[in-house]
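Data block below; observations after.
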Amino acid sequence: MPIYEIMVEGRKFRVEISRKEKEGFEVKINDKKSFEARVDGELRARKLFKIGLGDKSYTIELSDVTRTKPFKVKVNDYQFTVEFRRPTFTPRFTAPMKSASTTVRRPSARMLTVPEGAVIAPMTGKIVSVKAKKGDAVKRGDVVCILEAMKMENEILAPVEGVVQEVNVSEGSAVSEGDILLIIK
């Protein structure tokens, strides 16, 4: 389930989205009760579409959406400035804790456990830069590496404050969605 940290007019929101059906989504904002949303029409690459929440319908108009700088979103007649802070994903698998290694861990067919403080690859791509090394103290939200996917560089942030215990990738490493990149305790 994708989890996004976004800023809307300077206010931070944590938004979790999961697809329920072709046009339907389950949305949870700031870990509160979830609600169902439906999209009227095709959402991909559209700048104007409608979203239904319960018995209410909203017309959404987007400017050029980017993950690197603020963009405008118009909801009915109200315009907002929105900025992505950090896209992350809930891991679809969990991996066992082992000693540090130079290889990236891959999911197996069986369900394993994700170590606490694991930094998980949100998508398949290539590591272009590793900003943290074993023994470094990091704060939650610090950039620990840069992942290139679909010609875009994505900052991978520390999910917790602590000390880097393991670094499982290096510059140039190919990773898959869900791979454990680092472990922070």
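By convention here, the chains of the structure tokens are called A, B, ... in the order presented, each chain's residues are numbered starting at 1, and ligands are numbered starting at 1 in the order presented.
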List the neighbours of segment 139-151 of chain A out to 12 Å using only C-alpha atoms; skip same-chain residues closer than 3 positions along the sequence, and give me the result as a PyMOL selection string.
chain A and resi 5+85-88+117-134+136+154-164+166-177+181-185
Can you pull out the residues contacting Ile29 of chain A? Cut-off 12 Å, using only C-alpha atoms, and skip same-chain residues under 2 positions away; I want them as a PyMOL selection string.
chain A and resi 3-6+12-17+26-27+31-36
For atom CA of Leu48 of chain A and atom CA of Leu62 of chain A, the interatomic separation in Å (one decimal):
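A separation of 6.5 Å between them.
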Can you tell me which residues surround Glu83 of chain A at a distance of at most 7 Å, considering only C-alpha atoms, apart from same-chain residues fewer than 5 positions away, and format the answer as a list in words?
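In the requested form, the answer reads Ile6, Met7, Val8, Lys69, Pro70 and Phe71 of chain A.
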For atom CA of Gln79 of chain A and atom CA of Lys50 of chain A, the interatomic separation in Å (one decimal)
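Result for atom CA of Gln79 of chain A versus atom CA of Lys50 of chain A: 15.2 Å, one decimal.
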Once DSSP has gone over the backbone, tell me which residues of segment 14-78 of chain A are in strand (DSSP E or B), as an NGL selection string.
:A and (14-19 or 24-29 or 35-40 or 48-53 or 56-62 or 71-75 or 78)
Best match for closeness to Arg11 of chain A among A:Val65, A:Ile60, A:Val75, A:Val82, counting only C-alpha atoms:
A:Val82
Separation of atom CA of Asn30 of chain A from atom CA of Gln165 of chain A, in Å and rounded to one decimal:
29.2 Å
